[in-house]
Every structure is written in C-alpha cells, then in structure tokens.
$ cat target.pdb   # PDB, C-alpha atoms
ATOM      1  CA  MET A 149       4.551  -1.507 -13.401
ATOM      2  CA  ASN A 150       7.497  -2.468 -15.568
ATOM      3  CA  GLU A 151      10.914  -3.238 -14.089
ATOM      4  CA  LYS A 152      12.630   0.103 -14.843
ATOM      5  CA  LYS A 153       9.703   2.177 -13.622
ATOM      6  CA  LEU A 154       9.526   0.152 -10.410
ATOM      7  CA  LEU A 155      13.278   0.563  -9.919
ATOM      8  CA  LEU A 156      12.925   4.330 -10.314
ATOM      9  CA  VAL A 157      10.021   4.459  -7.843
ATOM     10  CA  LYS A 158      11.788   2.310  -5.252
ATOM     11  CA  THR A 159      15.018   4.273  -5.570
ATOM     12  CA  ALA A 160      13.242   7.618  -5.383
ATOM     13  CA  LEU A 161      11.202   6.497  -2.380
ATOM     14  CA  ARG A 162      14.323   5.390  -0.513
ATOM     15  CA  LEU A 163      16.084   8.678  -1.266
ATOM     16  CA  PHE A 164      13.047  10.909  -0.631
ATOM     17  CA  TYR A 165      12.216   9.120   2.629
ATOM     18  CA  SER A 166      15.804   9.374   3.808
ATOM     19  CA  ALA A 167      16.661  12.943   2.804
ATOM     20  CA  GLY A 168      13.392  14.669   1.851
ATOM     21  CA  VAL A 169      11.805  15.260  -1.523
ATOM     22  CA  ASN A 170      13.235  18.744  -2.027
ATOM     23  CA  SER A 171      16.747  17.650  -1.058
ATOM     24  CA  VAL A 172      16.957  14.967  -3.723
ATOM     25  CA  GLY A 173      17.324  15.838  -7.383
ATOM     26  CA  ILE A 174      16.433  13.789 -10.423
ATOM     27  CA  ASN A 175      20.142  13.271 -11.199
ATOM     28  CA  GLU A 176      20.642  11.609  -7.818
ATOM     29  CA  VAL A 177      17.713   9.252  -8.493
ATOM     30  CA  LEU A 178      19.205   8.446 -11.896
ATOM     31  CA  LYS A 179      22.689   7.835 -10.470
ATOM     32  CA  GLU A 180      21.406   5.593  -7.660
ATOM     33  CA  SER A 181      19.060   3.620  -9.915
ATOM     34  CA  GLY A 182      21.388   3.336 -12.883
ATOM     35  CA  VAL A 183      18.487   4.231 -15.173
ATOM     36  CA  ALA A 184      18.971   6.583 -18.134
ATOM     37  CA  LYS A 185      17.390  10.048 -18.046
ATOM     38  CA  LYS A 186      15.405   9.309 -21.200
ATOM     39  CA  THR A 187      13.897   6.215 -19.554
ATOM     40  CA  LEU A 188      12.917   8.239 -16.499
ATOM     41  CA  TYR A 189      11.186  10.843 -18.643
ATOM     42  CA  ASN A 190       9.421   8.113 -20.627
ATOM     43  CA  HIS A 191       7.753   7.116 -17.354
ATOM     44  CA  PHE A 192       7.482  10.464 -15.548
ATOM     45  CA  ALA A 193       7.002  13.845 -17.203
ATOM     46  CA  SER A 194       8.200  15.684 -14.089
ATOM     47  CA  LYS A 195       9.692  15.221 -10.652
ATOM     48  CA  GLU A 196       6.218  15.804  -9.198
ATOM     49  CA  GLU A 197       4.919  12.781 -11.141
ATOM     50  CA  LEU A 198       7.760  10.727  -9.682
ATOM     51  CA  VAL A 199       6.906  12.010  -6.203
ATOM     52  CA  MET A 200       3.262  11.028  -6.737
ATOM     53  CA  ALA A 201       4.343   7.546  -7.831
ATOM     54  CA  THR A 202       6.467   7.138  -4.688
ATOM     55  CA  LEU A 203       3.533   8.238  -2.541
ATOM     56  CA  GLN A 204       1.240   5.735  -4.244
ATOM     57  CA  TYR A 205       3.800   2.963  -3.851
ATOM     58  CA  ARG A 206       4.401   3.730  -0.163
ATOM     59  CA  ASP A 207       0.647   4.117   0.407
ATOM     60  CA  ASP A 208       0.046   0.617  -0.901
ATOM     61  CA  ILE A 209       2.770  -0.893   1.289
ATOM     62  CA  PHE A 210       1.799   1.083   4.405
ATOM     63  CA  TYR A 211      -1.938   0.490   3.996
ATOM     64  CA  ARG A 212      -1.431  -3.280   3.712
ATOM     65  CA  TRP A 213       0.826  -3.222   6.765
ATOM     66  CA  VAL A 214      -1.660  -1.245   8.908
ATOM     67  CA  LYS A 215      -4.480  -3.519   7.755
ATOM     68  CA  SER A 216      -2.455  -6.586   8.724
ATOM     69  CA  CYS A 217      -1.839  -5.089  12.191
ATOM     70  CA  LEU A 218      -5.541  -4.383  12.653
ATOM     71  CA  ASP A 219      -6.572  -7.780  11.272
ATOM     72  CA  SER A 220      -4.103  -9.689  13.460
ATOM     73  CA  GLU A 221      -6.589  -9.848  16.336
ATOM     74  CA  VAL A 222     -10.205 -11.003  16.445
ATOM     75  CA  SER A 223     -11.629  -8.513  18.940
ATOM     76  CA  ALA A 224     -11.938  -4.852  17.985
ATOM     77  CA  LYS A 225     -10.200  -3.720  21.182
ATOM     78  CA  GLN A 226      -7.251  -6.038  20.659
ATOM     79  CA  SER A 227      -7.072  -5.003  16.981
ATOM     80  CA  ILE A 228      -6.630  -1.373  17.944
ATOM     81  CA  ILE A 229      -4.024  -2.253  20.555
ATOM     82  CA  ALA A 230      -2.273  -4.369  17.890
ATOM     83  CA  LEU A 231      -2.025  -1.229  15.754
ATOM     84  CA  PHE A 232      -0.011   0.488  18.481
ATOM     85  CA  SER A 233       2.118  -2.620  18.999
ATOM     86  CA  GLY A 234       2.760  -2.547  15.255
ATOM     87  CA  LEU A 235       3.727   1.111  15.437
ATOM     88  CA  ASP A 236       6.147   0.218  18.226
ATOM     89  CA  ASP A 237       7.705  -2.383  15.935
ATOM     90  CA  TRP A 238       7.970   0.184  13.125
ATOM     91  CA  PHE A 239       9.540   2.848  15.351
ATOM     92  CA  ASN A 240      12.116   0.307  16.500
ATOM     93  CA  ASP A 241      12.958  -0.949  12.997
ATOM     94  CA  ARG A 242      11.318  -4.359  13.348
ATOM     95  CA  VAL A 243       9.113  -4.029  10.230
ATOM     96  CA  THR A 244      11.207  -4.973   7.217
ATOM     97  CA  GLU A 245       8.681  -3.872   4.579
ATOM     98  CA  LEU A 246       8.742  -0.298   5.945
ATOM     99  CA  ASP A 247      12.519   0.123   6.025
ATOM    100  CA  GLU A 248      14.365   2.039   8.737
ATOM    101  CA  PHE A 249      12.034   4.400  10.623
ATOM    102  CA  LYS A 250      12.410   8.024   9.538
ATOM    103  CA  GLY A 251       8.978   9.307  10.489
ATOM    104  CA  CYS A 252       5.905   9.257   8.322
ATOM    105  CA  PHE A 253       6.701   9.689   4.627
ATOM    106  CA  PHE A 254       3.314  11.374   4.152
ATOM    107  CA  ILE A 255       3.733  13.880   6.990
ATOM    108  CA  ASN A 256       7.298  14.607   5.894
ATOM    109  CA  THR A 257       6.329  15.059   2.246
ATOM    110  CA  ALA A 258       3.237  17.164   3.003
ATOM    111  CA  ALA A 259       5.446  19.486   5.057
ATOM    112  CA  GLU A 260       7.592  20.111   1.976
ATOM    113  CA  PHE A 261       4.607  21.165  -0.155
ATOM    114  CA  SER A 262       3.150  24.283   1.459
ATOM    115  CA  ASP A 263       0.415  24.888  -1.119
ATOM    116  CA  PRO A 264      -2.793  23.269   0.237
ATOM    117  CA  ALA A 265      -3.959  22.798  -3.373
ATOM    118  CA  SER A 266      -0.875  20.770  -4.299
ATOM    119  CA  PRO A 267      -1.720  17.302  -5.664
ATOM    120  CA  VAL A 268       1.127  15.914  -3.555
ATOM    121  CA  ARG A 269      -0.319  17.358  -0.371
ATOM    122  CA  ALA A 270      -3.814  16.211  -1.355
ATOM    123  CA  TYR A 271      -2.503  12.663  -1.814
ATOM    124  CA  CYS A 272      -0.898  12.759   1.644
ATOM    125  CA  LEU A 273      -4.258  13.762   3.125
ATOM    126  CA  GLN A 274      -6.010  11.010   1.164
ATOM    127  CA  HIS A 275      -3.568   8.478   2.650
ATOM    128  CA  LYS A 276      -4.392   9.641   6.183
ATOM    129  CA  GLU A 277      -8.116   9.447   5.436
ATOM    130  CA  LYS A 278      -7.766   5.865   4.140
ATOM    131  CA  LEU A 279      -6.022   4.842   7.354
ATOM    132  CA  ARG A 280      -8.679   6.609   9.398
ATOM    133  CA  GLU A 281     -11.350   4.607   7.574
ATOM    134  CA  LEU A 282      -9.534   1.345   8.369
ATOM    135  CA  ILE A 283      -9.471   2.313  12.040
ATOM    136  CA  ARG A 284     -13.112   3.397  11.949
ATOM    137  CA  LEU A 285     -14.148  -0.016  10.625
ATOM    138  CA  LYS A 286     -12.467  -1.694  13.599
ATOM    139  CA  VAL A 287     -13.996   0.780  16.058
ATOM    140  CA  ARG A 288     -17.416   0.203  14.492
ATOM    141  CA  ALA A 289     -17.223  -3.401  15.741
ATOM    142  CA  LEU A 290     -17.361  -1.990  19.286
ATOM    143  CA  SER A 291     -21.022  -1.085  18.558
ATOM    144  CA  LEU A 292     -20.794   2.417  19.989
ATOM    145  CA  GLU A 293     -23.263   5.222  19.416
ATOM    146  CA  SER A 294     -22.294   7.288  16.380
ATOM    147  CA  GLU A 295     -21.026  10.245  18.400
ATOM    148  CA  LYS A 296     -18.911   8.033  20.673
ATOM    149  CA  GLU A 297     -17.597   6.099  17.684
ATOM    150  CA  MET A 298     -16.312   9.297  16.101
ATOM    151  CA  LEU A 299     -14.735  10.410  19.397
ATOM    152  CA  VAL A 300     -12.898   7.089  19.723
ATOM    153  CA  VAL A 301     -11.748   7.178  16.079
ATOM    154  CA  ASP A 302     -10.564  10.795  16.431
ATOM    155  CA  THR A 303      -8.668   9.989  19.620
ATOM    156  CA  ILE A 304      -7.012   6.865  18.205
ATOM    157  CA  CYS A 305      -5.950   8.735  15.055
ATOM    158  CA  LEU A 306      -4.570  11.632  17.098
ATOM    159  CA  LEU A 307      -2.662   9.234  19.334
ATOM    160  CA  LYS A 308      -1.300   7.402  16.272
ATOM    161  CA  GLU A 309      -0.145  10.590  14.578
ATOM    162  CA  GLY A 310       1.238  12.019  17.812
ATOM    163  CA  ALA A 311       3.168   8.824  18.478
ATOM    164  CA  ILE A 312       4.700   8.953  14.989
ATOM    165  CA  VAL A 313       5.814  12.558  15.459
ATOM    166  CA  SER A 314       7.101  11.900  18.999
ATOM    167  CA  ALA A 315       9.077   8.894  17.804
ATOM    168  CA  PHE A 316      10.621  10.772  14.887
ATOM    169  CA  VAL A 317      11.030  14.356  16.067
ATOM    170  CA  GLY A 318      11.532  13.620  19.756
ATOM    171  CA  GLY A 319      13.331  10.310  19.323
ATOM    172  CA  ASP A 320      10.882   8.594  21.695
ATOM    173  CA  ARG A 321      10.891   5.109  20.217
ATOM    174  CA  LYS A 322       8.495   3.975  22.984
ATOM    175  CA  ALA A 323       5.826   6.543  22.017
ATOM    176  CA  ALA A 324       3.439   3.950  20.563
ATOM    177  CA  SER A 325       3.669   1.569  23.501
ATOM    178  CA  LYS A 326       3.027   4.524  25.825
ATOM    179  CA  CYS A 327      -0.322   5.024  24.029
ATOM    180  CA  ILE A 328      -1.604   1.510  24.732
ATOM    181  CA  PRO A 329      -2.870   2.178  28.305
ATOM    182  CA  THR A 330      -4.703   5.286  27.068
ATOM    183  CA  VAL A 331      -6.264   3.383  24.162
ATOM    184  CA  SER A 332      -7.344   0.568  26.491
ATOM    185  CA  THR A 333      -8.865   3.017  28.968
ATOM    186  CA  LEU A 334     -10.635   4.948  26.206
ATOM    187  CA  ILE A 335     -12.246   1.804  24.835
ATOM    188  CA  GLU A 336     -13.225   0.586  28.322
ATOM    189  CA  LEU A 337     -14.817   3.953  29.155
ATOM    190  CA  GLU A 338     -16.754   4.228  25.906
ATOM    191  CA  CYS A 339     -18.010   0.620  25.746
TER     192      CYS A 339
END
$ encode --input "target.pdb" --output "structure tokens"
Amino acid sequence: MNEKKLLLVKTALRLFYSAGVNSVGINEVLKESGVAKKTLYNHFASKEELVMATLQYRDDIFYRWVKSCLDSEVSAKQSIIALFSGLDDWFNDRVTELDEFKGCFFINTAAEFSDPASPVRAYCLQHKEKLRELIRLKVRALSLESEKEMLVVDTICLLKEGAIVSAFVGGDRKAASKCIPTVSTLIELEC
C-alpha cells in the first residue's frame, strides 16, 4: 500500500472507530489526513471502498494481536486464558497497536450496515469467523471429542464477544478477567 493510501486508511480507521462510519464524511477524512480529494478517489471509488479498506487493515492488526495472545502460552488451556488476559489489557488501554478501547470495530461497523447482504457486514462476519478458527485450533489441542470441542469453542467465542460488549456498552473494564474462572472451569469439565 502506498504512503497516501495508507494515510487515508489509518485516518479513516481512527475517525470511524472513534465516531462511527456513518458519522464521518469523506471531507472529514480528507481534512484530517491532509490528502487531496482527487488522490482519495484515485485509491477508493466510494466511501464503502474506504470502509472496506479500514476493515481489512484493522482485521490484519487485530488478527495478529489475537494470535500473539493465543501463542503466548504453550498449553492450550493457558493459551485460551491468555486470550482473556489480552482482552483485559485491550479494555484497559494497555495494547498500543489497538488504540484506545472503543468496543469492537467490527461489531460497531456491522451495526451501522443493516442489510445482511452488505459487503461491509459480510466482511465483519468473516473477521469473526477467522478469530473463531484461531480459537478452535487452540481448543483442538485439548483433544476433545468433536461435539465437546465445538461446545467449548462456542462458549469461548460467546464469552469473548460478551466481554467486549460488556466492556464497551456497560463500561465494565473487568469483563474479560471475570470470564477467566468460567473458561478455566469449562476446560476442566470438558477435559
């Protein structure tokens, strides 16, 4: 990605994540980035294309961060607990690459696009599915029966998503750490 395009994506992501996609206009992105309108339209034919680029950029950053949380421990159980410790760090603004916590960019953006057939909404779902697959690979190391494996993956993903919403909507910055005893118990019961 060239320098101007990356500047536009980073600026748009910061603005969209802070205020919402529908609350931020192209002119605001241009003003904040200092990039000319013609340059923006050389890179993006529409605001939706810019939104898609911000989702892809954030997806790459967030995916690498979640993977690093999960890979920070050797045992599968500790890896999953490390995910929730990482979420706790994110909720409490201790993860510099994710910026100040303002909820999940993908949940927030999907909520602004009500059409289930929207490419933006489809990308948000794809992001969640990629994270689910990362978690499933760690759970697979627990060597559970297939049915139990899916139950554990479903529960971990629901706890993760619920913690994100509780931290953002409810202001409960301890939501992720509150999940750790439940995750530990779930894994102990199923193993």
$ resolve_selection --input "target.pdb" --expression "the PyMOL selection byres ((chain A and resi 309-325) around 7)" --output "PyMOL selection string"
chain A and resi 232-233+235-236+239-240+250-252+305-308+326-328
$ axis_aligned_box --input "target.pdb" --around "region 240-245 of chain A" --padding-each-side "4 Å" --output "lines of an AutoDock Vina configuration file"
center_x = 10.8
center_y = -2.3
center_z = 10.5
size_x = 12.3
size_y = 13.3
size_z = 19.9
$ resolve_selection --input "target.pdb" --expression "the PyMOL selection byres ((chain A and resi 248) around 12)" --output "list in words"
Arg162, Tyr165, Ser166, Asp237, Trp238, Phe239, Asn240, Asp241, Arg242, Val243, Thr244, Glu245, Leu246, Asp247, Phe249, Lys250, Gly251, Cys252, Phe253 and Phe316 of chain A
$ closest_residue --input "target.pdb" --among "A:Thr257, A:Thr202, A:Ser262, A:Ser332" --to "Leu161 (chain A)" --atoms "only C-alpha atoms"
A:Thr202
$ atom_distance --input "target.pdb" --atom1 "CA of Leu178 (chain A)" --atom2 "CA of Asn150 (chain A)"
16.4 Å
$ resolve_selection --input "target.pdb" --expression "the PyMOL selection byres ((chain A and resi 338) around 8)" --output "PyMOL selection string"
chain A and resi 292+296+300+334-337+339
$ write_last_selection --input "target.pdb" --atoms "C-alpha atoms" --output "compact mmCIF listing (two decimals), in the frame of the given file"
# COMPACT_ATOMS: atom_id res chain seq x y z
CA LEU A 292 -20.79 2.42 19.99
CA LYS A 296 -18.91 8.03 20.67
CA VAL A 300 -12.90 7.09 19.72
CA LEU A 334 -10.64 4.95 26.21
CA ILE A 335 -12.25 1.80 24.84
CA GLU A 336 -13.22 0.59 28.32
CA LEU A 337 -14.82 3.95 29.16
CA CYS A 339 -18.01 0.62 25.75
$ closest_residue --input "target.pdb" --among "A:Lys225, A:Lys278, A:Arg269, A:Lys195" --to "Asp208 (chain A)" --atoms "only C-alpha atoms"
A:Lys278
$ residues_around --input "target.pdb" --residues "Lys215 (chain A)" --least-positions-apart "2" --cutoff "12 Å" --atoms "all atoms listed in the file" --output "PyMOL selection string"
chain A and resi 207-213+217-221+227-228+230-231+234+278-286
$ atom_distance --input "target.pdb" --atom1 "CA of Ser294 (chain A)" --atom2 "CA of Lys276 (chain A)"
20.7 Å
$ closest_residue --input "target.pdb" --among "A:Leu299, A:Ala167, A:Val214, A:Val268" --to "Glu197 (chain A)" --atoms "all atoms listed in the file"
A:Val268
$ atom_distance --input "target.pdb" --atom1 "CA of Ile255 (chain A)" --atom2 "CA of Pro329 (chain A)"
25.2 Å
$ residues_around --input "target.pdb" --residues "Gly168 (chain A)" --least-positions-apart "4" --cutoff "8 Å" --atoms "only C-alpha atoms" --output "compact mmCIF listing (two decimals) with C-alpha atoms, in the coordinates of the input"
# COMPACT_ATOMS: atom_id res chain seq x y z
CA LEU A 163 16.08 8.68 -1.27
CA PHE A 164 13.05 10.91 -0.63
CA VAL A 172 16.96 14.97 -3.72
CA ASN A 256 7.30 14.61 5.89
CA THR A 257 6.33 15.06 2.25
CA GLU A 260 7.59 20.11 1.98
$ residues_around --input "target.pdb" --residues "Glu297 (chain A)" --least-positions-apart "4" --cutoff "9 Å" --atoms "all atoms listed in the file" --output "MDAnalysis selection string"
chainID A and resid 284 287:288 290:293 301:302 338
$ residues_around --input "target.pdb" --residues "Tyr189 (chain A)" --least-positions-apart "3" --cutoff "12 Å" --atoms "only C-alpha atoms" --output "list in words"
Lys152, Lys153, Leu156, Ile174, Asn175, Leu178, Val183, Ala184, Lys185, Lys186, Phe192, Ala193, Ser194, Lys195, Glu196, Glu197 and Leu198 of chain A
$ closest_residue --input "target.pdb" --among "A:Gln274, A:Gln226, A:Asn170, A:Ser266" --to "Val331 (chain A)" --atoms "all atoms listed in the file"
A:Gln226
$ closest_residue --input "target.pdb" --among "A:Leu188, A:Ala224, A:Leu154, A:Met200" --to "Ala270 (chain A)" --atoms "only C-alpha atoms"
A:Met200
$ build_atoms --input "target.pdb" --residues "region 256-271 of chain A" --atoms "N, CA, C and O atoms" --output "PDB file, in the frame of the given file"
ATOM      1  N   ASN A 256       6.063  13.951   6.334  1.00  0.00           N
ATOM      2  CA  ASN A 256       7.298  14.607   5.894  1.00  0.00           C
ATOM      3  C   ASN A 256       7.129  15.255   4.522  1.00  0.00           C
ATOM      4  O   ASN A 256       7.558  16.395   4.299  1.00  0.00           O
ATOM      5  N   THR A 257       6.502  14.538   3.607  1.00  0.00           N
ATOM      6  CA  THR A 257       6.329  15.059   2.246  1.00  0.00           C
ATOM      7  C   THR A 257       5.334  16.207   2.226  1.00  0.00           C
ATOM      8  O   THR A 257       5.581  17.227   1.566  1.00  0.00           O
ATOM      9  N   ALA A 258       4.226  16.080   2.952  1.00  0.00           N
ATOM     10  CA  ALA A 258       3.237  17.164   3.003  1.00  0.00           C
ATOM     11  C   ALA A 258       3.872  18.448   3.535  1.00  0.00           C
ATOM     12  O   ALA A 258       3.550  19.542   3.063  1.00  0.00           O
ATOM     13  N   ALA A 259       4.778  18.310   4.485  1.00  0.00           N
ATOM     14  CA  ALA A 259       5.446  19.486   5.057  1.00  0.00           C
ATOM     15  C   ALA A 259       6.309  20.214   4.026  1.00  0.00           C
ATOM     16  O   ALA A 259       6.542  21.422   4.149  1.00  0.00           O
ATOM     17  N   GLU A 260       6.751  19.500   3.013  1.00  0.00           N
ATOM     18  CA  GLU A 260       7.592  20.111   1.976  1.00  0.00           C
ATOM     19  C   GLU A 260       6.779  20.795   0.874  1.00  0.00           C
ATOM     20  O   GLU A 260       7.343  21.499   0.041  1.00  0.00           O
ATOM     21  N   PHE A 261       5.475  20.570   0.862  1.00  0.00           N
ATOM     22  CA  PHE A 261       4.607  21.165  -0.155  1.00  0.00           C
ATOM     23  C   PHE A 261       3.608  22.077   0.552  1.00  0.00           C
ATOM     24  O   PHE A 261       2.556  21.629   0.999  1.00  0.00           O
ATOM     25  N   SER A 262       3.939  23.341   0.648  1.00  0.00           N
ATOM     26  CA  SER A 262       3.150  24.283   1.459  1.00  0.00           C
ATOM     27  C   SER A 262       1.811  24.665   0.836  1.00  0.00           C
ATOM     28  O   SER A 262       0.903  25.077   1.555  1.00  0.00           O
ATOM     29  N   ASP A 263       1.664  24.521  -0.456  1.00  0.00           N
ATOM     30  CA  ASP A 263       0.415  24.888  -1.119  1.00  0.00           C
ATOM     31  C   ASP A 263      -0.657  23.842  -0.810  1.00  0.00           C
ATOM     32  O   ASP A 263      -0.530  22.679  -1.216  1.00  0.00           O
ATOM     33  N   PRO A 264      -1.731  24.231  -0.095  1.00  0.00           N
ATOM     34  CA  PRO A 264      -2.793  23.269   0.237  1.00  0.00           C
ATOM     35  C   PRO A 264      -3.457  22.654  -0.997  1.00  0.00           C
ATOM     36  O   PRO A 264      -4.052  21.588  -0.906  1.00  0.00           O
ATOM     37  N   ALA A 265      -3.346  23.309  -2.143  1.00  0.00           N
ATOM     38  CA  ALA A 265      -3.959  22.798  -3.373  1.00  0.00           C
ATOM     39  C   ALA A 265      -3.026  21.851  -4.142  1.00  0.00           C
ATOM     40  O   ALA A 265      -3.417  21.322  -5.181  1.00  0.00           O
ATOM     41  N   SER A 266      -1.836  21.642  -3.627  1.00  0.00           N
ATOM     42  CA  SER A 266      -0.875  20.770  -4.299  1.00  0.00           C
ATOM     43  C   SER A 266      -1.407  19.341  -4.373  1.00  0.00           C
ATOM     44  O   SER A 266      -1.901  18.799  -3.382  1.00  0.00           O
ATOM     45  N   PRO A 267      -1.302  18.704  -5.550  1.00  0.00           N
ATOM     46  CA  PRO A 267      -1.720  17.302  -5.664  1.00  0.00           C
ATOM     47  C   PRO A 267      -0.934  16.383  -4.719  1.00  0.00           C
ATOM     48  O   PRO A 267      -1.477  15.408  -4.213  1.00  0.00           O
ATOM     49  N   VAL A 268       0.313  16.716  -4.469  1.00  0.00           N
ATOM     50  CA  VAL A 268       1.127  15.914  -3.555  1.00  0.00           C
ATOM     51  C   VAL A 268       0.546  15.991  -2.149  1.00  0.00           C
ATOM     52  O   VAL A 268       0.344  14.973  -1.487  1.00  0.00           O
ATOM     53  N   ARG A 269       0.251  17.182  -1.709  1.00  0.00           N
ATOM     54  CA  ARG A 269      -0.319  17.358  -0.371  1.00  0.00           C
ATOM     55  C   ARG A 269      -1.708  16.707  -0.269  1.00  0.00           C
ATOM     56  O   ARG A 269      -2.038  16.086   0.733  1.00  0.00           O
ATOM     57  N   ALA A 270      -2.483  16.831  -1.330  1.00  0.00           N
ATOM     58  CA  ALA A 270      -3.814  16.211  -1.355  1.00  0.00           C
ATOM     59  C   ALA A 270      -3.694  14.689  -1.250  1.00  0.00           C
ATOM     60  O   ALA A 270      -4.490  14.043  -0.566  1.00  0.00           O
ATOM     61  N   TYR A 271      -2.689  14.108  -1.895  1.00  0.00           N
ATOM     62  CA  TYR A 271      -2.503  12.663  -1.814  1.00  0.00           C
ATOM     63  C   TYR A 271      -2.114  12.249  -0.388  1.00  0.00           C
ATOM     64  O   TYR A 271      -2.580  11.216   0.104  1.00  0.00           O
TER      65      TYR A 271
END
